[in-house]
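Have a look at upload31.txt below; it lists compact mmCIF, C-alpha atoms and all ligand atoms.
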```txt
# COMPACT_ATOMS: atom_id res chain seq x y z
CA MET A 1 4.16 21.91 -9.10
CA ALA A 2 2.05 19.92 -11.54
CA THR A 3 2.18 16.79 -13.71
CA LEU A 4 1.13 14.03 -11.39
CA PRO A 5 0.18 10.64 -12.72
CA SER A 6 -3.56 10.64 -13.36
CA SER A 7 -5.45 9.46 -10.32
CA PRO A 8 -9.08 9.43 -9.29
CA THR A 9 -8.46 12.00 -6.57
CA ALA A 10 -6.44 14.44 -8.65
CA ALA A 11 -8.44 14.17 -11.85
CA THR A 12 -11.87 15.70 -11.31
CA PRO A 13 -11.93 18.82 -9.16
CA SER A 14 -15.66 19.57 -8.88
CA ALA A 15 -16.80 21.69 -5.97
CA ALA A 16 -18.60 18.81 -4.27
CA SER A 17 -16.13 15.95 -4.77
CA PHE A 18 -12.74 17.65 -4.91
CA SER A 19 -10.15 16.15 -2.67
CA PRO A 20 -6.61 17.43 -2.91
CA PRO A 21 -3.75 15.25 -4.16
CA LEU A 22 -2.12 13.29 -1.37
CA ALA A 23 1.59 12.80 -0.79
CA LEU A 24 2.80 10.21 1.66
CA VAL A 25 6.32 10.98 2.85
CA LYS A 26 8.34 8.28 4.60
CA VAL A 27 11.33 9.61 6.47
CA GLY A 28 14.32 7.53 7.54
CA GLY A 29 16.03 8.05 10.89
CA GLU A 30 19.26 9.39 9.40
CA VAL A 31 17.31 12.22 7.78
CA VAL A 32 15.91 13.26 11.16
CA ASP A 33 19.38 13.09 12.73
CA ASP A 34 21.09 15.39 10.27
CA ASP A 35 20.44 19.14 10.58
CA SER A 36 20.57 20.02 6.91
CA HIS A 37 18.52 16.98 5.80
CA ARG A 38 15.90 17.67 8.47
CA ARG A 39 15.58 21.32 7.49
CA GLY A 40 15.48 20.42 3.79
CA LEU A 41 12.74 17.91 4.53
CA ALA A 42 10.70 20.53 6.38
CA ARG A 43 11.09 23.00 3.49
CA ASN A 44 10.11 20.36 0.91
CA ILE A 45 7.02 19.39 2.91
CA SER A 46 6.10 23.02 3.40
CA ALA A 47 6.33 23.49 -0.39
CA LEU A 48 4.08 20.46 -1.01
CA VAL A 49 1.47 21.89 1.36
CA ALA A 50 1.74 25.31 -0.34
CA ASP A 51 1.16 23.55 -3.68
CA GLY A 52 -2.14 22.16 -2.43
CA PHE A 53 -1.14 18.67 -1.36
CA ASP A 54 -2.43 16.89 1.68
CA VAL A 55 0.67 15.39 3.29
CA ILE A 56 1.07 12.43 5.64
CA VAL A 57 4.48 11.71 7.17
CA VAL A 58 5.50 8.25 8.35
CA HIS A 59 8.88 7.85 9.98
CA GLY A 60 11.30 5.25 11.26
CA GLY A 61 14.31 5.91 13.48
CA GLY A 62 16.82 3.09 13.10
CA PRO A 63 20.00 4.95 14.18
CA GLN A 64 18.22 6.52 17.16
CA VAL A 65 16.94 3.13 18.36
CA THR A 66 20.42 1.68 17.99
CA ARG A 67 21.98 4.56 19.97
CA LEU A 68 19.50 4.18 22.82
CA GLN A 69 20.08 0.43 22.84
CA GLU A 70 23.81 1.07 23.17
CA ARG A 71 23.21 3.43 26.10
CA LEU A 72 21.13 0.69 27.71
CA GLY A 73 23.86 -1.89 27.13
CA GLN A 74 21.82 -3.69 24.47
CA LYS A 75 23.02 -4.82 21.08
CA ALA A 76 21.23 -4.02 17.83
CA VAL A 77 20.73 -7.02 15.55
CA LYS A 78 19.49 -6.79 11.95
CA VAL A 79 18.77 -9.49 9.40
CA ALA A 80 18.24 -8.57 5.73
CA GLY A 81 17.95 -4.89 6.65
CA GLN A 82 15.25 -5.44 9.30
CA ARG A 83 15.72 -5.16 13.07
CA VAL A 84 15.37 -8.17 15.32
CA THR A 85 13.46 -6.88 18.40
CA SER A 86 13.63 -8.83 21.64
CA ALA A 87 11.15 -8.19 24.47
CA ASP A 88 13.87 -6.09 26.15
CA ASP A 89 14.43 -4.06 22.98
CA VAL A 90 10.81 -2.84 22.83
CA PHE A 91 11.53 -0.08 25.34
CA ALA A 92 14.21 1.49 23.13
CA VAL A 93 12.03 1.17 20.04
CA VAL A 94 9.01 2.85 21.66
CA ALA A 95 11.02 5.52 23.49
CA SER A 96 12.91 6.51 20.34
CA LEU A 97 10.26 6.27 17.65
CA ALA A 98 7.21 7.63 19.48
CA GLY A 99 9.36 9.87 21.70
CA THR A 100 12.53 11.63 20.63
CA VAL A 101 12.34 11.07 16.87
CA ASN A 102 8.65 11.93 16.51
CA VAL A 103 9.01 15.09 18.60
CA ALA A 104 12.17 16.22 16.77
CA LEU A 105 10.46 15.79 13.42
CA CYS A 106 7.31 17.64 14.54
CA ALA A 107 9.44 20.47 15.90
CA ALA A 108 11.38 20.84 12.64
CA LEU A 109 8.18 20.85 10.59
CA GLN A 110 6.54 23.32 12.93
CA GLN A 111 9.54 25.63 12.53
CA ALA A 112 8.94 25.58 8.76
CA GLY A 113 5.30 26.55 9.29
CA VAL A 114 3.84 23.04 8.86
CA ARG A 115 1.13 22.05 11.36
CA ALA A 116 2.69 18.71 12.28
CA PHE A 117 0.51 16.45 14.41
CA GLY A 118 2.58 13.73 16.09
CA CYS A 119 1.09 10.30 16.73
CA HIS A 120 2.09 6.65 16.41
CA GLY A 121 0.70 3.42 15.02
CA ALA A 122 -1.01 2.51 18.30
CA SER A 123 -2.88 5.86 18.36
CA ALA A 124 -6.51 4.84 17.67
CA ALA A 125 -4.99 1.60 16.30
CA LEU A 126 -3.86 3.54 13.23
CA VAL A 127 -1.45 0.77 12.19
CA ARG A 128 -2.83 -2.69 12.90
CA THR A 129 -0.39 -5.55 12.85
CA THR A 130 -0.05 -9.24 13.53
CA HIS A 131 2.96 -10.68 15.24
CA ARG A 132 5.39 -12.07 12.67
CA PRO A 133 6.08 -15.76 13.25
CA PRO A 134 9.62 -17.09 12.68
CA LEU A 135 10.16 -17.35 8.94
CA VAL A 136 12.72 -18.43 6.39
CA VAL A 137 14.80 -15.52 5.07
CA GLU A 138 16.86 -16.22 1.98
CA GLY A 139 20.47 -16.72 2.97
CA HIS A 140 19.74 -16.65 6.72
CA GLY A 141 17.66 -19.78 7.43
CA VAL A 142 14.81 -19.50 9.94
CA VAL A 143 14.72 -16.03 11.55
CA ASP A 144 12.66 -15.06 14.60
CA TYR A 145 12.32 -11.28 14.40
CA GLY A 146 10.81 -11.18 17.91
CA GLU A 147 8.47 -8.27 18.73
CA VAL A 148 7.97 -7.36 15.10
CA GLY A 149 4.65 -6.94 13.38
CA ASP A 150 3.43 -7.23 9.82
CA VAL A 151 0.85 -4.62 8.89
CA THR A 152 -2.70 -5.91 8.35
CA ALA A 153 -4.53 -2.57 8.04
CA VAL A 154 -3.99 1.18 8.17
CA ASP A 155 -6.86 3.50 9.12
CA ALA A 156 -7.04 5.57 5.96
CA ALA A 157 -10.23 7.37 7.01
CA LEU A 158 -8.53 8.66 10.15
CA LEU A 159 -5.46 9.83 8.22
CA ARG A 160 -7.58 11.53 5.55
CA GLY A 161 -9.74 13.04 8.29
CA LEU A 162 -6.70 14.53 10.05
CA CYS A 163 -5.61 16.04 6.74
CA ARG A 164 -9.05 17.59 6.31
CA LEU A 165 -8.56 19.26 9.70
CA GLY A 166 -5.55 21.02 8.20
CA VAL A 167 -2.80 19.16 10.00
CA VAL A 168 0.02 16.96 8.72
CA PRO A 169 -0.10 13.65 10.61
CA VAL A 170 3.41 12.52 11.62
CA VAL A 171 3.19 8.81 12.37
CA ALA A 172 5.87 6.85 14.25
CA THR A 173 5.92 3.34 12.83
CA LEU A 174 4.86 1.25 15.74
CA GLY A 175 2.02 -1.18 15.20
CA ILE A 176 -0.58 -2.59 17.53
CA GLU A 177 -2.22 -6.00 17.65
CA PRO A 178 -5.61 -4.74 18.88
CA ALA A 179 -6.88 -8.04 20.31
CA THR A 180 -3.83 -8.48 22.56
CA GLY A 181 -2.78 -4.84 22.99
CA ARG A 182 0.70 -5.92 21.98
CA VAL A 183 2.81 -3.08 20.57
CA LEU A 184 5.09 -4.25 17.80
CA ASN A 185 8.02 -2.83 15.89
CA VAL A 186 7.20 -2.32 12.20
CA ASN A 187 9.63 -1.58 9.40
CA GLY A 188 9.10 2.05 8.39
CA ASP A 189 9.04 1.32 4.69
CA SER A 190 6.43 -1.43 5.13
CA ALA A 191 4.19 0.83 7.23
CA ALA A 192 4.56 3.66 4.72
CA ALA A 193 3.73 1.38 1.80
CA ALA A 194 0.63 0.07 3.60
CA ALA A 195 -0.45 3.62 4.44
CA ALA A 196 0.07 4.74 0.84
CA ALA A 197 -1.99 1.83 -0.48
CA ALA A 198 -4.78 2.34 2.09
CA THR A 199 -5.06 6.08 1.39
CA ARG A 200 -4.48 5.64 -2.37
CA ALA A 201 -1.78 8.29 -2.22
CA ASP A 202 -0.84 10.06 -5.43
CA LEU A 203 2.82 10.21 -4.44
CA LEU A 204 4.90 8.03 -2.14
CA LEU A 205 8.26 9.60 -1.34
CA LEU A 206 10.71 7.34 0.50
CA VAL A 207 13.11 9.91 1.87
CA THR A 208 16.44 8.44 2.88
CA ALA A 209 19.85 10.00 3.44
CA VAL A 210 21.56 8.13 0.58
CA GLY A 211 19.03 9.76 -1.77
CA ALA A 212 18.64 7.09 -4.48
CA VAL A 213 19.34 3.54 -5.48
CA ARG A 214 22.92 3.46 -6.70
CA ARG A 215 25.00 0.93 -8.61
CA VAL A 216 27.83 1.69 -6.20
CA VAL A 217 26.56 2.69 -2.75
CA GLY A 218 29.41 5.15 -2.15
CA ASP A 219 29.18 6.83 -5.56
CA PRO A 220 26.42 9.43 -6.05
CA ALA A 221 27.16 9.51 -9.79
CA SER A 222 25.98 5.89 -10.08
CA ARG A 223 22.37 6.89 -9.24
CA LEU A 224 19.66 4.97 -11.08
CA ALA A 225 17.05 7.53 -12.20
CA ARG A 226 14.57 4.70 -12.87
CA LEU A 227 14.37 1.16 -11.62
CA ASP A 228 12.00 -1.56 -12.82
CA ARG A 229 11.07 -4.90 -11.30
CA ALA A 230 13.33 -7.08 -13.39
CA GLU A 231 16.41 -4.96 -12.75
CA ALA A 232 15.61 -4.58 -9.05
CA ARG A 233 15.38 -8.35 -8.68
CA ALA A 234 18.69 -8.81 -10.46
CA LEU A 235 20.44 -6.12 -8.40
CA ILE A 236 19.18 -7.61 -5.11
CA ALA A 237 20.30 -11.10 -6.18
CA ALA A 238 23.72 -9.70 -7.14
CA GLY A 239 24.08 -7.96 -3.76
CA VAL A 240 24.23 -4.51 -5.40
CA ILE A 241 21.07 -3.56 -3.50
CA GLY A 242 21.51 -4.58 0.13
CA GLY A 243 20.61 -3.76 3.74
CA GLY A 244 17.74 -1.36 4.38
CA MET A 245 17.46 -0.64 0.65
CA ILE A 246 15.99 -4.14 0.11
CA PRO A 247 12.66 -3.64 1.94
CA LYS A 248 12.45 -0.12 0.50
CA VAL A 249 12.71 -1.31 -3.10
CA GLN A 250 10.52 -4.38 -2.56
CA GLU A 251 7.72 -2.43 -0.89
CA ALA A 252 7.90 0.30 -3.51
CA LEU A 253 7.64 -2.13 -6.42
CA ALA A 254 4.79 -4.06 -4.79
CA LEU A 255 2.80 -0.80 -4.66
CA LEU A 256 2.96 -0.04 -8.34
CA ASP A 257 0.01 -2.36 -9.02
CA GLY A 258 -1.95 -1.13 -6.03
CA GLY A 259 -3.38 2.22 -7.04
CA VAL A 260 -0.58 4.46 -5.75
CA GLY A 261 0.52 7.04 -8.31
CA ARG A 262 4.27 7.61 -8.33
CA VAL A 263 6.80 6.01 -5.98
CA ALA A 264 10.32 7.35 -5.54
CA ILE A 265 13.35 6.95 -3.32
CA LEU A 266 15.06 10.31 -2.79
CA ASP A 267 16.63 12.69 -0.30
CA ALA A 268 15.31 16.06 0.79
CA HIS A 269 18.56 17.96 0.93
CA ASP A 270 17.70 20.06 -2.06
CA ASP A 271 14.70 22.40 -1.87
CA ASP A 272 13.50 21.28 -5.30
CA ALA A 273 13.72 17.52 -4.58
CA PHE A 274 10.04 16.70 -4.06
CA ALA A 275 8.92 19.03 -6.83
CA SER A 276 11.40 17.39 -9.18
CA VAL A 277 9.89 13.96 -8.55
CA ALA A 278 6.34 15.33 -8.88
CA ARG A 279 7.41 16.75 -12.29
CA ASP A 280 9.03 13.40 -13.11
CA ASP A 281 12.04 15.12 -14.66
CA GLY A 282 14.48 12.36 -13.68
CA ALA A 283 16.82 14.86 -12.02
CA ARG A 284 16.61 13.53 -8.44
CA GLY A 285 16.28 10.21 -6.68
CA THR A 286 15.11 6.90 -8.14
CA VAL A 287 11.61 6.55 -9.54
CA LEU A 288 10.26 2.99 -9.41
CA VAL A 289 8.58 1.76 -12.58
CA PRO A 290 6.82 -1.57 -13.31
N1 LIG A 301 22.41 -0.04 -4.08
C1 LIG A 301 22.22 0.74 -3.02
N2 LIG A 301 21.98 2.06 -3.21
C2 LIG A 301 21.77 2.88 -2.15
N3 LIG A 301 21.79 2.47 -0.85
C3 LIG A 301 22.03 1.16 -0.61
C4 LIG A 301 22.23 0.25 -1.67
N4 LIG A 301 22.45 -0.97 -1.12
C5 LIG A 301 22.39 -0.83 0.20
N5 LIG A 301 22.13 0.45 0.55
C6 LIG A 301 22.03 0.91 1.92
O1 LIG A 301 20.68 1.11 2.26
C7 LIG A 301 20.61 2.18 3.22
C8 LIG A 301 19.20 2.76 3.27
O2 LIG A 301 18.35 1.96 4.10
P1 LIG A 301 18.10 2.30 5.64
O3 LIG A 301 19.40 2.40 6.33
O4 LIG A 301 17.10 1.31 6.15
O5 LIG A 301 17.48 3.77 5.55
P2 LIG A 301 16.12 4.36 6.16
O6 LIG A 301 16.39 4.59 7.60
O7 LIG A 301 15.93 5.62 5.39
O8 LIG A 301 15.03 3.34 5.92
C9 LIG A 301 21.65 3.14 2.72
O9 LIG A 301 22.14 3.97 3.73
C10 LIG A 301 22.74 2.24 2.16
O10 LIG A 301 23.77 2.00 3.08
MG MG A 302 15.07 1.31 6.71
```
Could the structure of this file be written out as structure tokens, please?
Ligand SMILES: Nc1ncnc2c1ncn2[C@@H]1O[C@H](COP(=O)(O)OP(=O)(O)O)[C@@H](O)[C@H]1O
Ligand SMILES: [Mg+2]
Amino acid sequence: MATLPSSPTAATPSAASFSPPLALVKVGGEVVDDDSHRRGLARNISALVADGFDVIVVHGGGPQVTRLQERLGQKAVKVAGQRVTSADDVFAVVASLAGTVNVALCAALQQAGVRAFGCHGASAALVRTTHRPPLVVEGHGVVDYGEVGDVTAVDAALLRGLCRLGVVPVVATLGIEPATGRVLNVNGDSAAAAAAAATRADLLLLVTAVGAVRRVVGDPASRLARLDRAEARALIAAGVIGGGMIPKVQEALALLDGGVGRVAILDAHDDDAFASVARDDGARGTVLVP
């Protein structure tokens, strides 16, 4: 695999300063749930590692949280694609993300020969957050998201250090407010974007079951190979981009000025998916452009 956008880390491999290119892979819950997606993901990550990349995985687990909530007699509520988390809901969020989903993902990666090291945002305060106050969300008035955090910092040195030890960190997207010890739910795409910016990743791959931004959600043939800011804004306003695709696209576009190389939304079903995006051949997923 080759042709990455030029970046300070990838450009000058001298013996003393060489650090391998870094791929940050964000994995949605549906991908972990589905056998063939999960195996494809593991194979794609294994291929990245074989190609010399350091890899960091950040994952959500929306469907798994919702299922556990249902088993507990709780109701999942989302506004503009983001979960409202009451104090009672925190249990399901922590138990799913840092428990079942994280372990399932590590196991699948391990099976593909990847040394997956499971942890979560509260581990060594990897993902620092502040509690999100009630805020105005377009079309919804004032929304109190409850036990939800906005990321203030990601410990890039720790993540890079884990990579240097030869493991692939697999981070469940909880956040911690260190001063209070409060553990907060964080949108997976937001945490991944913050981690990509902090580590100055060469590639950010937002892996989601739907596999791309589409003009018609149910029609794979309507995939947008590239999406720029202006069009993204128009498609969100028109309701063509909705739900969980909104934070994904917004976070991805916000990163393009921030020193991250290439950002794409894609699935991992196909063994060549990640390599295709690294080649920038337009054959898979949606690549975000300014
Ligand atoms: N234009 C669009 N193209 C693709 N998916 C869309 C679009 N608009 C809304 N979506 C929805 O966004 C979802 C992806 O977001 P989300 O469910 O949060 O996934 P993840 O768990 O990977 O973050 C898709 O499953 C799809 O239903
Ligand atoms: Mg999502």
Requested in this report: Name each residue within 8 Å of ligand LIG 301 (chain A), counting all atoms listed in the file, as a VMD selection string.
Outcome: chain A and resid 27 to 31 60 to 63 81 to 82 188 to 189 206 to 218 223 235 239 to 248
Query raised in the report: Do you have the atom CA of A:Thr199-atom CA of A:Arg160 distance handy?
Result: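 Going from atom CA of A:Thr199 over to atom CA of A:Arg160 covers 7.3 Å.
Near A:Ser46, within 8 Å and counting all atoms listed in the file, sit Ala42, Arg43, Asn44, Leu48, Val49, Ala50, Leu109, Ala112, Gly113 and Val114 of chain A, not including residues fewer than 2 positions from it in the same chain.
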**Report entry** Pick from A:Ala125, A:Ala179, A:Val249, A:Leu72 nearest to ligand MG 302 (chain A), counting only C-alpha atoms and all ligand atoms
**Finding:**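 Between A:Ala125, A:Ala179, A:Val249, A:Leu72, the residue approaching ligand MG 302 (chain A) most closely is A:Val249.
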Counting all atoms listed in the file, what are the residues of stretch 149-223 of chain A within 10 Å of stretch 132-138 of chain A, and for each of them which pair of atoms is the nearest and at what distance in Å, to one decimal? Sort the table by chain and rising number, as CSV.
```
residue,atom,partner,partner_atom,distance
A:Gly149,CA,A:Arg132,CA,5.2
A:Asp150,CA,A:Arg132,CA,5.9
A:Val151,CA,A:Arg132,CA,9.5
A:Leu184,CA,A:Arg132,CA,9.4
A:Val186,CA,A:Arg132,CA,9.9
```
Report summary line: Shortest contact to A:Leu174, candidates A:Ala76, A:Val103, A:Val142, A:Val58, atoms counted all atoms listed in the file, goes to A:Val58
List every protein, DNA or RNA residue that has at least one atom no more than 7 Å from (-0.1, 5.9, 13.9) in the file's coordinates, counting all atoms listed in the file, and write the result as a compact mmCIF listing (two decimals) with C-alpha atoms, in the frame of the given file.
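Resulting contents of result-v6.txt:
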```txt
# COMPACT_ATOMS: atom_id res chain seq x y z
CA CYS A 119 1.09 10.30 16.73
CA HIS A 120 2.09 6.65 16.41
CA GLY A 121 0.70 3.42 15.02
CA ALA A 122 -1.01 2.51 18.30
CA SER A 123 -2.88 5.86 18.36
CA ALA A 125 -4.99 1.60 16.30
CA LEU A 126 -3.86 3.54 13.23
CA VAL A 127 -1.45 0.77 12.19
CA VAL A 171 3.19 8.81 12.37
CA ALA A 172 5.87 6.85 14.25
CA THR A 173 5.92 3.34 12.83
```
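Distances here use only C-alpha atoms and all ligand atoms; by that measure, the residue among A:Ala196, A:Arg233, A:Val168, A:Ser190 closest to ligand MG 302 (chain A) is A:Ser190.
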Query - Nearest to A:Arg115, chosen from A:Val93, A:Leu159, A:Val167, A:Val84, with all atoms listed in the file counted in the distances - result: A:Val167
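Atom to atom, atom CA of A:Gln250 and atom CA of A:Leu203 stand 16.6 Å apart.
Our summary of the geometry notes that atom CA of A:Lys78 is positioned 14.9 Å from atom CA of A:Ala92.
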Query raised in the report: A:His59, A:Val154, A:Gly175, A:Ala116: which is nearest A:Leu205, counting all atoms listed in the file?
Result: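 Going through A:His59, A:Val154, A:Gly175, A:Ala116 one by one, the smallest distance to A:Leu205 is for A:His59.
The nearest approach to A:Val32 among the residues A:Ala80, A:Ala268, A:Ala87, A:Ala156, with all atoms listed in the file taken into account, belongs to A:Ala268.
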Let me have the centre and edge lengths of the axis-aligned box enclosing all listed atoms of stretch 180-193 of chain A with 8 Å padding on every side, in Å to one decimal, as JSON.
```
{"center_x": 2.9, "center_y": -2.4, "center_z": 12.4, "size_x": 29.5, "size_y": 28.1, "size_z": 37.2}
```
Query - For stretch 254-263 of chain A: contacts at 9 Å, all atoms listed in the file, fewer than 6 positions along chain excluded, given as a list of chain:residue names - result: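 In the requested format, the answer is A:Leu4, A:Pro5, A:Ser6, A:Ser7, A:Ala193, A:Ala194, A:Ala196, A:Ala197, A:Thr199, A:Arg200, A:Ala201, A:Asp202, A:Leu203, A:Leu204, A:Leu205, A:Leu206, A:Val277, A:Ala278, A:Asp280, A:Thr286, A:Val287, A:Leu288, A:Val289, A:Pro290.
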